[in-house]
>>> print(open('coords08.txt').read())   # compact mmCIF, C-alpha atoms
# COMPACT_ATOMS: atom_id res chain seq x y z
CA MET A 1 32.41 77.47 143.43
CA GLU A 2 33.19 81.17 143.14
CA THR A 3 32.01 83.36 140.28
CA ILE A 4 34.04 86.15 138.72
CA THR A 5 32.21 88.66 136.53
CA VAL A 6 34.00 90.23 133.59
CA GLU A 7 32.65 93.08 131.47
CA THR A 8 34.01 93.09 127.95
CA HIS A 9 34.00 96.14 125.70
CA HIS A 10 34.87 94.97 122.18
CA THR A 11 33.79 92.28 119.73
CA THR A 12 37.01 90.38 120.37
CA GLU A 13 39.23 91.18 123.30
CA LEU A 14 41.72 89.55 125.67
CA VAL A 15 40.86 90.75 129.20
CA ASP A 16 43.53 90.22 131.85
CA ILE A 17 41.80 88.64 134.87
CA THR A 18 44.95 87.69 136.79
CA GLY A 19 44.39 90.24 139.55
CA THR A 20 40.74 89.33 139.91
CA VAL A 21 41.58 85.63 140.22
CA GLN A 22 44.28 86.38 142.82
CA SER A 23 41.78 88.47 144.81
CA ALA A 24 39.27 85.62 144.76
CA ILE A 25 41.98 83.25 146.02
CA ASP A 26 42.88 85.72 148.77
CA GLU A 27 39.29 85.63 149.99
CA LEU A 28 39.34 81.82 150.13
CA ASN A 29 42.29 82.03 152.51
CA VAL A 30 43.94 78.93 151.01
CA THR A 31 47.61 78.01 150.76
CA ASP A 32 48.74 75.24 148.37
CA GLY A 33 46.83 73.56 145.56
CA ILE A 34 45.36 74.16 142.14
CA VAL A 35 42.80 76.74 141.09
CA TYR A 36 40.49 75.67 138.25
CA LEU A 37 38.89 78.23 136.00
CA PHE A 38 35.91 77.45 133.80
CA CYS A 39 34.25 79.64 131.18
CA PRO A 40 30.52 78.79 130.95
CA HIS A 41 30.15 80.46 127.53
CA THR A 42 30.39 79.09 124.00
CA THR A 43 31.69 82.24 122.30
CA ALA A 44 34.47 83.04 124.77
CA GLY A 45 37.36 81.10 126.29
CA LEU A 46 40.30 81.23 128.65
CA THR A 47 43.98 81.47 127.83
CA LEU A 48 47.37 82.27 129.30
CA ASN A 49 49.65 84.63 127.43
CA GLU A 50 52.01 87.59 127.77
CA ASN A 51 50.81 90.42 129.99
CA TRP A 52 53.58 92.91 129.27
CA ASP A 53 53.46 94.25 125.70
CA PRO A 54 49.85 94.99 124.66
CA ASP A 55 50.90 94.42 121.03
CA VAL A 56 50.96 90.69 121.76
CA LYS A 57 47.22 90.68 122.45
CA ARG A 58 46.65 92.80 119.35
CA ASP A 59 48.72 90.50 117.12
CA VAL A 60 47.08 87.34 118.52
CA LEU A 61 43.60 88.69 117.77
CA LEU A 62 44.65 90.04 114.35
CA THR A 63 45.65 86.54 113.28
CA VAL A 64 42.92 84.61 115.09
CA ASP A 65 40.09 86.89 113.91
CA GLY A 66 41.34 87.67 110.42
CA HIS A 67 43.21 84.54 109.35
CA ILE A 68 42.47 81.46 111.48
CA ALA A 69 38.69 81.78 111.90
CA PRO A 70 37.46 84.62 109.68
CA PRO A 71 33.83 85.23 108.72
CA ASP A 72 32.72 82.72 106.07
CA SER A 73 29.61 83.18 103.93
CA ARG A 74 29.09 79.41 103.96
CA HIS A 75 28.42 79.43 107.73
CA ARG A 76 24.74 78.71 108.43
CA HIS A 77 24.30 79.35 112.18
CA GLY A 78 21.56 81.96 112.38
CA GLU A 79 23.24 84.15 114.97
CA GLY A 80 26.11 84.78 112.57
CA ASN A 81 28.77 84.24 115.23
CA SER A 82 30.18 80.88 114.14
CA PRO A 83 33.76 82.24 114.10
CA ALA A 84 33.37 82.97 117.82
CA HIS A 85 32.31 79.36 118.46
CA ILE A 86 35.32 78.10 116.50
CA LYS A 87 37.73 80.28 118.47
CA ALA A 88 36.11 79.15 121.74
CA SER A 89 36.94 75.53 120.87
CA LEU A 90 40.49 76.41 119.79
CA PHE A 91 41.28 78.36 122.98
CA GLY A 92 39.33 76.12 125.35
CA ALA A 93 36.94 76.80 128.21
CA HIS A 94 39.07 75.48 131.06
CA SER A 95 42.35 76.43 132.67
CA ALA A 96 44.23 75.45 135.81
CA VAL A 97 46.96 77.31 137.66
CA PHE A 98 49.03 76.19 140.63
CA VAL A 99 48.79 78.06 143.93
CA GLU A 100 51.56 78.10 146.54
CA GLN A 101 51.46 80.02 149.82
CA GLY A 102 48.26 81.60 148.59
CA ARG A 103 49.81 83.03 145.40
CA LEU A 104 49.09 82.12 141.78
CA GLN A 105 52.18 80.53 140.26
CA LEU A 106 52.66 82.00 136.81
CA GLY A 107 55.63 82.47 134.54
CA ARG A 108 57.37 85.84 134.54
CA TRP A 109 55.44 87.15 131.53
CA GLN A 110 52.18 85.22 131.98
CA GLY A 111 48.73 86.58 132.67
CA ILE A 112 45.36 84.81 132.74
CA TYR A 113 42.95 86.07 130.09
CA LEU A 114 39.29 85.82 129.35
CA ALA A 115 39.18 85.63 125.56
CA GLU A 116 36.06 87.43 124.36
CA PHE A 117 35.09 86.47 120.82
CA ASP A 118 31.53 87.83 120.57
CA GLY A 119 31.34 90.92 122.74
CA PRO A 120 30.76 93.25 124.26
CA ARG A 121 29.04 91.19 126.95
CA ARG A 122 28.95 90.50 130.67
CA ARG A 123 30.83 87.22 131.11
CA GLN A 124 31.39 84.87 134.02
CA VAL A 125 34.39 82.80 135.00
CA TRP A 126 33.74 80.02 137.50
CA MET A 127 36.48 79.06 139.94
CA LYS A 128 37.14 76.11 142.22
CA PHE A 129 40.17 75.37 144.40
CA LEU A 130 41.49 71.92 145.30
CA GLY A 131 44.16 71.73 148.00
CA SER A 132 47.29 69.61 147.55
CA MET B 1 55.49 71.53 142.91
CA GLU B 2 58.20 69.78 140.90
CA THR B 3 60.09 71.40 138.04
CA ILE B 4 61.16 69.61 134.88
CA THR B 5 63.77 71.30 132.70
CA VAL B 6 63.65 70.83 128.94
CA GLU B 7 66.33 71.98 126.50
CA THR B 8 64.99 72.70 123.05
CA HIS B 9 67.16 72.78 119.92
CA HIS B 10 65.06 74.27 117.14
CA THR B 11 62.84 77.29 116.53
CA THR B 12 59.78 75.08 116.67
CA GLU B 13 59.90 71.56 118.00
CA LEU B 14 57.75 68.96 119.75
CA VAL B 15 59.87 67.45 122.55
CA ASP B 16 58.61 64.18 124.02
CA ILE B 17 58.70 64.57 127.82
CA THR B 18 56.70 61.44 128.68
CA GLY B 19 59.67 59.59 130.17
CA THR B 20 60.77 62.61 132.19
CA VAL B 21 57.27 63.08 133.61
CA GLN B 22 57.07 59.38 134.51
CA SER B 23 60.46 59.61 136.27
CA ALA B 24 59.28 62.61 138.27
CA ILE B 25 56.17 60.66 139.31
CA ASP B 26 58.34 57.69 140.29
CA GLU B 27 60.27 59.95 142.67
CA LEU B 28 57.05 61.16 144.29
CA ASN B 29 56.21 57.55 145.15
CA VAL B 30 52.50 58.08 144.51
CA THR B 31 49.85 55.63 143.35
CA ASP B 32 46.48 56.90 142.03
CA GLY B 33 45.48 60.41 141.03
CA ILE B 34 46.04 63.08 138.44
CA VAL B 35 49.30 64.75 137.46
CA TYR B 36 48.98 68.38 136.34
CA LEU B 37 51.52 69.89 134.00
CA PHE B 38 51.90 73.64 133.54
CA CYS B 39 54.09 75.51 131.06
CA PRO B 40 55.16 78.87 132.56
CA HIS B 41 56.12 80.32 129.16
CA THR B 42 54.16 82.40 126.65
CA THR B 43 55.85 81.13 123.48
CA ALA B 44 55.64 77.41 124.23
CA GLY B 45 52.86 75.04 125.23
CA LEU B 46 51.96 71.46 126.11
CA THR B 47 50.21 68.89 123.97
CA LEU B 48 49.48 65.19 123.68
CA ASN B 49 50.01 63.52 120.32
CA GLU B 50 51.41 60.46 118.57
CA ASN B 51 54.83 59.31 119.73
CA TRP B 52 55.43 56.62 117.11
CA ASP B 53 55.95 58.04 113.62
CA PRO B 54 58.16 61.18 113.75
CA ASP B 55 56.46 62.37 110.56
CA VAL B 56 53.41 63.25 112.65
CA LYS B 57 55.39 65.87 114.59
CA ARG B 58 56.88 67.15 111.33
CA ASP B 59 53.47 67.43 109.63
CA VAL B 60 51.88 69.12 112.66
CA LEU B 61 54.60 71.77 112.75
CA LEU B 62 54.56 72.20 108.96
CA THR B 63 50.90 73.17 109.10
CA VAL B 64 50.96 75.09 112.37
CA ASP B 65 54.06 77.13 111.51
CA GLY B 66 53.44 77.64 107.80
CA HIS B 67 49.67 77.77 107.48
CA ILE B 68 47.83 78.36 110.77
CA ALA B 69 50.04 81.01 112.38
CA PRO B 70 52.63 82.13 109.80
CA PRO B 71 54.77 85.27 110.08
CA ASP B 72 52.70 88.37 109.26
CA SER B 73 54.20 91.75 108.40
CA ARG B 74 51.28 93.46 110.14
CA HIS B 75 52.33 92.07 113.54
CA ARG B 76 53.68 94.86 115.75
CA HIS B 77 55.14 93.10 118.81
CA GLY B 78 58.75 94.25 118.92
CA GLU B 79 60.27 90.85 119.61
CA GLY B 80 58.93 89.58 116.30
CA ASN B 81 57.66 86.33 117.79
CA SER B 82 53.91 86.93 117.70
CA PRO B 83 53.28 83.65 115.82
CA ALA B 84 54.81 81.83 118.81
CA HIS B 85 52.39 83.58 121.18
CA ILE B 86 49.46 82.65 118.94
CA LYS B 87 50.50 78.98 118.85
CA ALA B 88 50.95 78.99 122.64
CA SER B 89 47.31 80.03 123.07
CA LEU B 90 46.10 77.47 120.51
CA PHE B 91 47.96 74.56 122.12
CA GLY B 92 47.48 75.68 125.72
CA ALA B 93 49.79 75.87 128.73
CA HIS B 94 48.15 73.21 130.87
CA SER B 95 47.65 69.47 130.67
CA ALA B 96 46.48 66.75 133.03
CA VAL B 97 47.07 63.00 132.84
CA PHE B 98 45.66 60.24 135.02
CA VAL B 99 48.01 58.11 137.15
CA GLU B 100 47.16 54.59 138.32
CA GLN B 101 49.47 52.35 140.33
CA GLY B 102 52.16 54.95 139.84
CA ARG B 103 51.99 54.85 136.03
CA LEU B 104 50.89 57.56 133.60
CA GLN B 105 47.71 56.44 131.84
CA LEU B 106 48.08 57.30 128.17
CA GLY B 107 46.57 55.95 124.99
CA ARG B 108 48.58 53.40 123.03
CA TRP B 109 50.07 56.00 120.66
CA GLN B 110 50.12 59.02 123.00
CA GLY B 111 53.11 60.92 124.29
CA ILE B 112 53.28 64.17 126.28
CA TYR B 113 55.05 66.97 124.41
CA LEU B 114 56.50 70.32 125.23
CA ALA B 115 55.67 72.38 122.15
CA GLU B 116 58.50 74.84 121.54
CA PHE B 117 57.49 77.73 119.31
CA ASP B 118 60.36 80.20 119.85
CA GLY B 119 63.48 78.19 120.53
CA PRO B 120 66.02 77.08 121.06
CA ARG B 121 65.65 77.79 124.77
CA ARG B 122 65.83 76.21 128.20
CA ARG B 123 62.20 75.64 129.21
CA GLN B 124 60.48 74.54 132.40
CA VAL B 125 57.43 72.38 132.97
CA TRP B 126 55.86 72.60 136.41
CA MET B 127 54.17 69.52 137.86
CA LYS B 128 51.76 68.87 140.72
CA PHE B 129 50.06 65.63 141.75
CA LEU B 130 46.66 65.32 143.41
CA GLY B 131 45.71 61.91 144.78
CA SER B 132 42.29 60.42 144.12
CA MET C 1 38.94 55.62 136.47
CA GLU C 2 35.73 55.11 134.49
CA THR C 3 35.65 54.50 130.76
CA ILE C 4 33.00 55.88 128.42
CA THR C 5 32.72 54.33 124.96
CA VAL C 6 31.66 56.50 122.03
CA GLU C 7 30.84 55.20 118.55
CA THR C 8 31.45 57.76 115.83
CA HIS C 9 29.86 57.59 112.39
CA HIS C 10 31.62 60.14 110.21
CA THR C 11 35.16 61.15 109.30
CA THR C 12 34.84 64.28 111.41
CA GLU C 13 32.05 64.73 113.90
CA LEU C 14 31.24 66.44 117.19
CA VAL C 15 29.45 63.88 119.39
CA ASP C 16 27.57 65.28 122.40
CA ILE C 17 28.59 63.14 125.40
CA THR C 18 27.08 65.37 128.11
CA GLY C 19 24.34 62.90 129.02
CA THR C 20 26.74 59.98 129.10
CA VAL C 21 29.13 61.86 131.38
CA GLN C 22 26.24 62.83 133.70
CA SER C 23 25.12 59.20 133.86
CA ALA C 24 28.63 58.08 134.77
CA ILE C 25 28.72 60.68 137.54
CA ASP C 26 25.32 59.50 138.78
CA GLU C 27 26.72 55.99 139.17
CA LEU C 28 29.65 57.31 141.22
CA ASN C 29 27.17 58.78 143.69
CA VAL C 30 29.33 61.85 144.29
CA THR C 31 28.35 65.38 145.26
CA ASP C 32 30.85 68.26 144.86
CA GLY C 33 34.14 68.34 142.99
CA ILE C 34 35.61 68.27 139.52
CA VAL C 35 35.23 65.63 136.85
CA TYR C 36 38.24 65.18 134.57
CA LEU C 37 37.84 63.84 131.07
CA PHE C 38 40.73 62.46 129.05
CA CYS C 39 40.76 61.35 125.42
CA PRO C 40 43.36 58.57 124.94
CA HIS C 41 43.47 59.03 121.15
CA THR C 42 45.72 61.13 118.92
CA THR C 43 43.21 61.83 116.15
CA ALA C 44 40.30 62.91 118.35
CA GLY C 45 39.85 65.43 121.14
CA LEU C 46 37.44 66.94 123.66
CA THR C 47 35.72 70.29 123.52
CA LEU C 48 32.88 72.31 125.01
CA ASN C 49 30.56 74.16 122.67
CA GLU C 50 26.94 75.00 121.91
CA ASN C 51 24.49 72.11 122.11
CA TRP C 52 21.42 73.90 120.76
CA ASP C 53 21.69 74.76 117.07
CA PRO C 54 23.30 71.85 115.12
CA ASP C 55 24.55 74.39 112.56
CA VAL C 56 27.20 75.45 115.09
CA LYS C 57 28.80 71.99 114.95
CA ARG C 58 28.54 72.01 111.17
CA ASP C 59 30.13 75.47 110.85
CA VAL C 60 32.92 74.62 113.30
CA LEU C 61 33.85 71.50 111.33
CA LEU C 62 33.52 73.29 107.98
CA THR C 63 36.18 75.79 109.03
CA VAL C 64 38.39 73.42 111.01
CA ASP C 65 38.43 70.70 108.34
CA GLY C 66 38.46 72.87 105.24
CA HIS C 67 40.37 75.98 106.27
CA ILE C 68 42.40 75.57 109.48
CA ALA C 69 43.87 72.08 108.96
CA PRO C 70 43.05 70.95 105.41
CA PRO C 71 44.71 68.03 103.62
CA ASP C 72 48.20 69.00 102.43
CA SER C 73 50.15 67.07 99.82
CA ARG C 74 53.38 67.91 101.66
CA HIS C 75 52.33 65.84 104.68
CA ARG C 76 54.45 62.70 104.93
CA HIS C 77 52.82 60.61 107.68
CA GLY C 78 52.05 57.29 106.01
CA GLU C 79 48.55 56.92 107.40
CA GLY C 80 47.49 60.11 105.61
CA ASN C 81 45.64 61.48 108.62
CA SER C 82 47.97 64.28 109.68
CA PRO C 83 45.16 66.87 109.63
CA ALA C 84 43.43 64.78 112.32
CA HIS C 85 46.56 64.88 114.49
CA ILE C 86 46.79 68.66 114.04
CA LYS C 87 43.15 69.15 115.06
CA ALA C 88 43.66 66.87 118.08
CA SER C 89 46.42 69.18 119.34
CA LEU C 90 44.36 72.31 118.65
CA PHE C 91 41.27 71.04 120.50
CA GLY C 92 43.17 69.21 123.25
CA ALA C 93 42.76 65.80 124.87
CA HIS C 94 41.72 66.93 128.34
CA SER C 95 38.76 68.73 129.84
CA ALA C 96 37.46 69.40 133.34
CA VAL C 97 33.96 70.33 134.46
CA PHE C 98 32.75 71.29 137.93
CA VAL C 99 30.19 69.10 139.71
CA GLU C 100 27.84 70.38 142.43
CA GLN C 101 25.19 68.33 144.18
CA GLY C 102 25.97 65.54 141.73
CA ARG C 103 25.23 67.65 138.63
CA LEU C 104 27.61 68.81 135.91
CA GLN C 105 27.89 72.60 136.02
CA LEU C 106 27.73 73.87 132.46
CA GLY C 107 26.72 77.15 130.88
CA ARG C 108 23.21 77.44 129.52
CA TRP C 109 24.24 76.55 125.95
CA GLN C 110 27.20 74.29 126.68
CA GLY C 111 27.58 70.62 125.92
CA ILE C 112 30.62 68.34 126.24
CA TYR C 113 31.77 66.93 122.90
CA LEU C 114 34.06 64.20 121.71
CA ALA C 115 35.64 65.69 118.60
CA GLU C 116 36.20 62.91 116.08
CA PHE C 117 38.72 63.83 113.40
CA ASP C 118 39.51 60.43 111.82
CA GLY C 119 36.38 58.33 112.06
CA PRO C 120 34.27 56.44 112.04
CA ARG C 121 35.78 54.61 115.02
CA ARG C 122 34.99 53.30 118.47
CA ARG C 123 36.51 55.84 120.86
CA GLN C 124 37.04 55.96 124.62
CA VAL C 125 36.83 58.83 127.06
CA TRP C 126 38.43 58.24 130.44
CA MET C 127 36.93 59.93 133.50
CA LYS C 128 38.12 60.60 137.04
CA PHE C 129 36.41 62.54 139.82
CA LEU C 130 38.15 64.50 142.57
CA GLY C 131 36.00 65.73 145.44
CA SER C 132 36.29 69.28 146.75
>>> encode(input="coords08.txt", output="structure tokens")
Amino acid sequence: METITVETHHTTELVDITGTVQSAIDELNVTDGIVYLFCPHTTAGLTLNENWDPDVKRDVLLTVDGHIAPPDSRHRHGEGNSPAHIKASLFGAHSAVFVEQGRLQLGRWQGIYLAEFDGPRRRQVWMKFLGS
Amino acid sequence: METITVETHHTTELVDITGTVQSAIDELNVTDGIVYLFCPHTTAGLTLNENWDPDVKRDVLLTVDGHIAPPDSRHRHGEGNSPAHIKASLFGAHSAVFVEQGRLQLGRWQGIYLAEFDGPRRRQVWMKFLGS
Amino acid sequence: METITVETHHTTELVDITGTVQSAIDELNVTDGIVYLFCPHTTAGLTLNENWDPDVKRDVLLTVDGHIAPPDSRHRHGEGNSPAHIKASLFGAHSAVFVEQGRLQLGRWQGIYLAEFDGPRRRQVWMKFLGS
């Protein structure tokens, strides 16, 4: 498998890794199939969402961080980052995108994001390609 | 890849596409493997859930739309559909279902759904099959 | 495909199935590829999360059960388990993990979990391996 390294800069952040994934596919010199992405962390995840208006990312995190999985004084995990673990399970650690003629097949507005929920950190995304 | 077109009729809606996916597999004339489904939209997703009692779909949307990702006056995205983007990330854009002897392998109560969160629209679901 | 059986013991519970999945891979005698896991139930799901501090599981369920998808008197589904269906869609029914030299490739703190949301029950996880 290939490994992509992503540096995050905020506590929570959606980092567009579409270009990095495409570059890794370019190096594999493959044509048609499916690229699998796997996040080997328990306080980060992967997601697909709009890559045009940055306010989308901001609004997603506003609601996810502040409303869906906010800090809770009843949490007991000693590291204090239980909300990040919850968000990791909600977003998921795995994604898959089709590849045709060597190009990621995404919708017009779609980008691939590493979802950082307990940063800043150095994160990895693992990648494997299966031909079709 | 194959493309399935789905017409949605409501703002939010779970549309059962199980039969359409099975028909597309029938046309491929394949036997054993995995069918991958990909939603190339950022305000819709894919999910598996009960296909028997329609009240399940209703209750899921009641809670997702009204409680988990409700409208929020602090959202800034100009199109005003940030809740739909949030739900798309929570449900996910990708699914995979096993195929044996040409038939989708699903649990007794499971159907495959396009989850519309910003309709009504004409949506696409992309499909790719890898043999095992 | 292979079938893993999981007995759950509580209404909601995260059951670590990492060892069981590794054992099933061992029996397949495979080397490199991707193992796909599929949950054929509509009130349970699959997730990856920390397998070290048990308080993480506890905190995740505290927030998911009590805050994100709590009981709601407006739910109509006759079985009364609509929150379980909601959580199933949020967590997802499908996961995929890379395999190299016959070993599951997981992050240092990651385990694979069956997420029970309407137990206790006997659950199945279906498994398929595609070589790379």
>>> interface_residues(input="coords08.txt", of="chain B", to="chain A", cutoff="12 Å", atoms="all atoms listed in the file", output="NGL selection string")
:B and (1-2 or 33-45 or 64 or 67-96 or 123-132)
>>> atom_distance(input="coords08.txt", atom1="atom CA of B:Tyr113", atom2="atom CA of A:Gln22")
28.8 Å
>>> atom_distance(input="coords08.txt", atom1="atom CA of B:Ile17", atom2="atom CA of B:Arg103")
14.4 Å
>>> atom_distance(input="coords08.txt", atom1="atom CA of B:Ile4", atom2="atom CA of B:Ala24")
8.0 Å
>>> closest_residue(input="coords08.txt", among="A:Thr5, A:Arg122, A:Gly66, A:Glu116", to="A:Val21", atoms="only C-alpha atoms")
A:Thr5
